[in-house]
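These notes are about the structure you will find just below.
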Amino acid sequence: MKNFADVLIEEIIHKNSVLVAGLDPDLQYFPDFLIDSGEVSNQKASEAIYHYNRIVIDAVAEHVVAVKPQLAYYEVYGSEGIRALEKTIAYAKSKNLIVINDAKRGDIGSTSSAYAKAFLGNGSLAGDMVTVNPFLGSDGYLPFIEEAGRNGKGLFLLVKTSNPSSHEVQDVKLENGELLYIKMADDINKIAQQTLGENNYSFIGAVVGATYPMEAEKVRKSLPSSIFLVPGFGAQGGTANDLKPFFDAKGLGALVSSSRGIIYNGSKEEKKTEAVLYEFIAKAARESNDKINEVRLSH
Ligand SMILES: O=C(O)c1cc(=O)[nH]c(=O)n1[C@@H]1O[C@H](COP(=O)(O)O)[C@@H](O)[C@H]1O
């Protein structure tokens with residue numbers, strides 16, 4: 001079975017893209033032709049979400065390597081929301097897109113095994129990769145690594161997240177003077193080095209926010225063989241110019257994710273038809289990909 005890092009790298013080269021479109025459906029941004037304003041039932045919300053996601057997936061498919069549904073936006077609508085997620089995952093797979101479930105799970109070992117089966121097994125919620133919170137310790141994240149290894153899939157462990165207060169926990173100085181996120185990176189690297197594919201990358205990746213390029217340089221030293229998932233580009237202020245430290249000399253080693261910057265490009269009022277909405281999203285994905293490629297492939 002192929003190491004998922006190699007699958008990912010082949011797709012990046014094939015598509016000439018490291019861009020990931022985040023599927024974070026938020027009804028307040030949906031144009032009027034998709035949903036009535038006012039009180040909306042879970043069923044109507046679910047239908048609108050799946051409709052919106054199909055438009056997004058069609059519009060971004062040639063410009064992105066993966067899509068990343070953020071689970072909270074679906075869970076809001078209970079079982080109907082989960083149904084929209086299942087259908088979205090199936091639709092993205094039918095368009096040959098890699099699916100990264102942004103679930104940020106992690107628990108005691110036995111529960112993590114169940115989460116790992118849900119997101120990296122063969123069920124209707126399973127994608128190709130999942131985001132995992134490693135701050136419960138290794139018994140919390142090893143089950144995800146085992147399940148991913150068994151099924152030829154991958155994962156991203158949170159190391160240095162993009163949010164403004166991530167320093168409150170992740171930058172805590174340990175007794176030996178080391179920062180917590182660097183210790184986490186060092187611990188993950190010990191396992192990553194045992195799971196390398198042909199391109200010398202592991203299927204065990206790490207989340208490092210676009211808003212922290214200096215920290216990314218340090219994480220890279222500790223985690224030379226992990227592919228980074230880089231959120232925070234666009235709406236959170238990360239720019240293409242910040243991205244260079246995330247990539248290796250070949251322009252590989254990182255995926256850049258953007259949700260609002262792609263799927264809600266332009267004002268809601270301008271989007272009167274499906275065709276116009278499609279064009280706004282396709283344009284944002286194309287332009288983001290071009291900007292990122294310019295930086296990652298420059299020498
Ligand atoms: O794991 C993630 O994807 C993630 C990690 C992180 O450090 N920061 C972060 O913003 N994210 C997710 O990435 C997406 C960012 O959305 P935008 O800011 O709209 O591009 C959201 O779905 C977040 O949940």
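Following the order of the structure tokens, first chain is A, next is B, and so on, with residues numbered from 1 inside each chain and ligands from 1 in the order they appear.
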Would you pick out the contacts of range 283-299 of chain A at 8 Å or less, using only C-alpha atoms, so that residues sharing its chain but fewer than 6 positions from it are not included, and give the list as a compact mmCIF listing (two decimals) with N, CA and C atoms, in the first residue's frame?
# COMPACT_ATOMS: atom_id res chain seq x y z
N ASN A 16 -0.57 20.78 -9.96
CA ASN A 16 0.19 22.01 -9.75
C ASN A 16 -0.50 22.91 -8.72
N SER A 17 -0.84 22.30 -7.60
CA SER A 17 -1.56 23.04 -6.55
C SER A 17 -1.29 22.42 -5.19
N VAL A 18 -1.12 23.30 -4.19
CA VAL A 18 -1.08 22.83 -2.79
C VAL A 18 -2.26 23.43 -2.03
N LEU A 19 -3.20 23.97 -2.81
CA LEU A 19 -4.32 24.68 -2.17
C LEU A 19 -5.40 23.71 -1.71
N ALA A 21 -9.40 23.87 -0.32
CA ALA A 21 -10.58 24.73 -0.10
C ALA A 21 -11.31 24.22 1.14
N VAL A 60 -13.94 24.69 -7.69
CA VAL A 60 -12.53 24.64 -7.25
C VAL A 60 -11.78 23.42 -7.77
N HIS A 63 -8.45 23.61 -9.39
CA HIS A 63 -7.46 24.51 -8.79
C HIS A 63 -6.94 24.04 -7.44
N VAL A 64 -7.58 23.05 -6.84
CA VAL A 64 -7.18 22.63 -5.49
C VAL A 64 -6.83 21.15 -5.48
N ALA A 240 0.44 35.32 0.96
CA ALA A 240 1.32 34.43 0.20
C ALA A 240 2.78 34.69 0.58
N ASN A 241 3.12 35.97 0.83
CA ASN A 241 4.51 36.30 1.16
C ASN A 241 4.99 35.64 2.46
N LEU A 243 4.46 32.60 3.23
CA LEU A 243 4.41 31.13 3.11
C LEU A 243 5.74 30.44 2.81
N LYS A 244 6.72 31.19 2.35
CA LYS A 244 7.98 30.56 1.91
C LYS A 244 8.55 29.57 2.94
N PHE A 247 7.63 25.71 2.93
CA PHE A 247 7.91 24.77 1.83
C PHE A 247 9.36 24.32 1.81
N ALA A 249 12.73 22.89 -0.67
CA ALA A 249 13.38 23.49 -1.84
C ALA A 249 12.64 23.15 -3.15
N LYS A 250 11.87 22.06 -3.13
CA LYS A 250 11.11 21.70 -4.34
C LYS A 250 9.71 22.33 -4.36
N GLY A 251 9.40 23.14 -3.34
CA GLY A 251 8.06 23.74 -3.29
C GLY A 251 7.03 22.76 -2.76
N LEU A 252 7.50 21.70 -2.09
CA LEU A 252 6.58 20.71 -1.51
C LEU A 252 6.63 20.82 0.02
N GLY A 261 -11.92 32.90 2.42
CA GLY A 261 -11.27 33.62 1.32
C GLY A 261 -11.63 33.04 -0.04
N ILE A 262 -12.01 31.79 -0.09
CA ILE A 262 -12.38 31.18 -1.38
C ILE A 262 -13.89 31.09 -1.52
N ILE A 263 -14.54 30.50 -0.51
CA ILE A 263 -15.95 30.14 -0.76
C ILE A 263 -16.91 31.31 -0.56
N ASN A 265 -15.93 34.58 -1.42
CA ASN A 265 -15.34 35.69 -2.17
C ASN A 265 -16.45 36.55 -2.78
Problem - Exercise answer, 8 Å around ligand 1 with only C-alpha atoms and all ligand atoms, as a VMD selection string - result: chain A and resid 22 to 24 68 to 70 102 to 104 131 156 158 160 to 163 207 to 209 229 to 236 257 to 262
Practice task
Skip range 173-181 of chain A itself and residues of its chain fewer than 6 positions away, then list as JSON, numbers by chain all residues within 12 Å of it, counting only C-alpha atoms.
Solution key: {"A": [134, 135, 157, 158, 159, 160, 161, 166, 167, 187, 188, 206, 207, 208, 215, 216, 218, 219, 220, 222, 223]}
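Shell of range 143-148 of chain A at 7 Å, with only C-alpha atoms counted and residues fewer than 5 places along the chain excluded, is Gly109, Ser112, Ser113, Ala116, Lys117, Leu120, Lys153 and Gly154 of chain A.
The interatomic distance for the pair CA of Ser165 in chain A and CA of Met184 in chain A works out to 17.5 Å.
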Between range 39-124 of chain A and range 3-15 of chain A, at 10 Å or less, what are the per-residue closest atom pairs and their distances in Å? Count only C-alpha atoms, order by chain and rising residue number, and return it as CSV.
residue,atom,partner,partner_atom,distance
A:Ala61,CA,A:Lys15,CA,9.6
A:Glu62,CA,A:Lys15,CA,7.1
A:His63,CA,A:Lys15,CA,7.1
A:Val64,CA,A:Lys15,CA,7.3
A:Val65,CA,A:Ile12,CA,6.1
A:Ala66,CA,A:Leu8,CA,9.2
A:Asn96,CA,A:Glu11,CA,9.8
A:Leu97,CA,A:Glu11,CA,9.1
A:Ile98,CA,A:Leu8,CA,8.1
What's the 10 Å shell around range 51-56 of chain A, counting only C-alpha atoms, without same-chain residues fewer than 5 positions away, as a JSON list (two decimals) with C-alpha atoms, in the first residue's frame?
[["chain", "number", "residue", "atom", "x", "y", "z"],
["A", 21, "ALA", "CA", -10.58, 24.73, -0.10],
["A", 22, "GLY", "CA", -12.19, 24.73, 3.33],
["A", 23, "LEU", "CA", -15.86, 23.74, 3.24],
["A", 24, "ASP", "CA", -17.16, 25.78, 6.20],
["A", 25, "PRO", "CA", -20.84, 26.28, 5.32],
["A", 27, "LEU", "CA", -25.78, 30.21, 6.01],
["A", 30, "PHE", "CA", -25.38, 32.03, 1.32],
["A", 31, "PRO", "CA", -27.01, 33.99, -1.53],
["A", 34, "LEU", "CA", -30.10, 29.19, -2.19],
["A", 35, "ILE", "CA", -31.87, 29.85, 1.09],
["A", 45, "ALA", "CA", -30.27, 24.08, 5.90],
["A", 46, "SER", "CA", -28.87, 20.66, 5.02],
["A", 61, "ALA", "CA", -11.91, 21.10, -8.52],
["A", 67, "VAL", "CA", -11.23, 19.98, 0.24],
["A", 69, "PRO", "CA", -14.96, 20.18, 5.57],
["A", 84, "ALA", "CA", -25.05, 17.00, 4.20],
["A", 85, "LEU", "CA", -21.47, 16.19, 5.26],
["A", 87, "LYS", "CA", -23.09, 13.61, 0.75],
["A", 88, "THR", "CA", -20.42, 16.31, 0.43],
["A", 89, "ILE", "CA", -17.64, 13.79, 1.16],
["A", 91, "TYR", "CA", -19.37, 14.18, -4.04],
["A", 92, "ALA", "CA", -15.80, 15.40, -3.46],
["A", 262, "ILE", "CA", -12.38, 31.18, -1.38],
["A", 263, "ILE", "CA", -15.95, 30.14, -0.76],
["A", 264, "TYR", "CA", -17.32, 33.56, 0.26],
["A", 274, "GLU", "CA", -25.55, 29.78, -9.57],
["A", 275, "ALA", "CA", -23.36, 30.70, -12.55],
["A", 277, "LEU", "CA", -21.57, 32.25, -7.60],
["A", 278, "TYR", "CA", -19.52, 29.58, -9.39],
["A", 279, "GLU", "CA", -17.42, 32.27, -11.15],
["A", 280, "PHE", "CA", -16.64, 34.12, -7.90],
["A", 281, "ILE", "CA", -15.46, 30.92, -6.22],
["A", 282, "ALA", "CA", -13.50, 29.63, -9.23],
["A", 285, "ALA", "CA", -9.40, 29.52, -6.05]]
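Using only C-alpha atoms, the shortest contact distance between Ala59 in chain A and any of A:Ile82, A:Thr111, A:Ser138, A:Lys95 is found at A:Lys95.
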Practice task
Assign secondary structure with DSSP using the backbone only, and return the residues of range 255-296 of chain A in helix (DSSP H, G or I) as a PyMOL selection string.
Solution key: chain A and resi 260-263+268-270+274-296
Name the residues of range 190-225 of chain A that come out as strand (DSSP E) in a backbone DSSP run; write them as a PDB file with C-alpha atoms, in the first residue's frame.
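part_20.pdb written:
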ATOM      1  CA  SER A 202       5.480  10.737   6.359  1.00  0.00           C
ATOM      2  CA  PHE A 203       1.702  10.321   6.271  1.00  0.00           C
ATOM      3  CA  ILE A 204       1.819  11.968   9.724  1.00  0.00           C
ATOM      4  CA  GLY A 205       1.481  15.690   9.019  1.00  0.00           C
ATOM      5  CA  ALA A 206       1.276  18.734  11.279  1.00  0.00           C
ATOM      6  CA  VAL A 207      -0.943  21.822  11.462  1.00  0.00           C
ATOM      7  CA  VAL A 208       1.092  25.043  11.506  1.00  0.00           C
TER       8      VAL A 208
END
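Between Arg150 in chain A and the candidates A:Gly121, A:Pro164, A:Gly38, A:Gly78, the tightest atom-to-atom separation, counting only C-alpha atoms, involves A:Gly121.
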